[in-house]
Amino acid sequence: MEIGLDSFVAATIDPKTGQAIEPARHLRELLDAIALTDEVGLGVFGIAEHHRQEFLDSAPALPTKTVRAA
């Protein structure tokens with residue numbers, strides 16, 4: 001059994017401003033979460049794949065490859 005985290009990489013609204021959070025910010029935060037998962041020793045970070053406007057993860061292999069390259 002492996003223990004880890006996952007994300008749907010949902011496009012969300014900033015509760016302070018009521019504005020949509022920029023996709024670039026979401027992806028930066030996703031990469032930070034993946035790195036933190038590794039730092040604390042969790043074995044898996046899963047990214048669900050969706051093909052709808054409210055999700056930013058239609059190609060989950062890309063962020064994963066980015067982290068491996070870093």
# chains A, B, ... in the order shown; residues from 1 in each chain; ligands from 1
call {"tool": "residues_around", "arguments": {"residues": "region 12-20 of chain A", "least_positions_apart": "6", "cutoff": "12 Å", "atoms": "only C-alpha atoms", "output": "JSON, numbers by chain"}}
result
{"A": [26, 53, 54, 55, 56]}
call {"tool": "atom_distance", "arguments": {"atom1": "CA of Leu42 (chain A)", "atom2": "CA of Ile3 (chain A)"}}
result
6.0 Å
call {"tool": "atom_distance", "arguments": {"atom1": "CA of Met1 (chain A)", "atom2": "CA of Ala33 (chain A)"}}
result
20.9 Å
call {"tool": "atom_distance", "arguments": {"atom1": "CA of Asp38 (chain A)", "atom2": "CA of Glu22 (chain A)"}}
result
25.0 Å
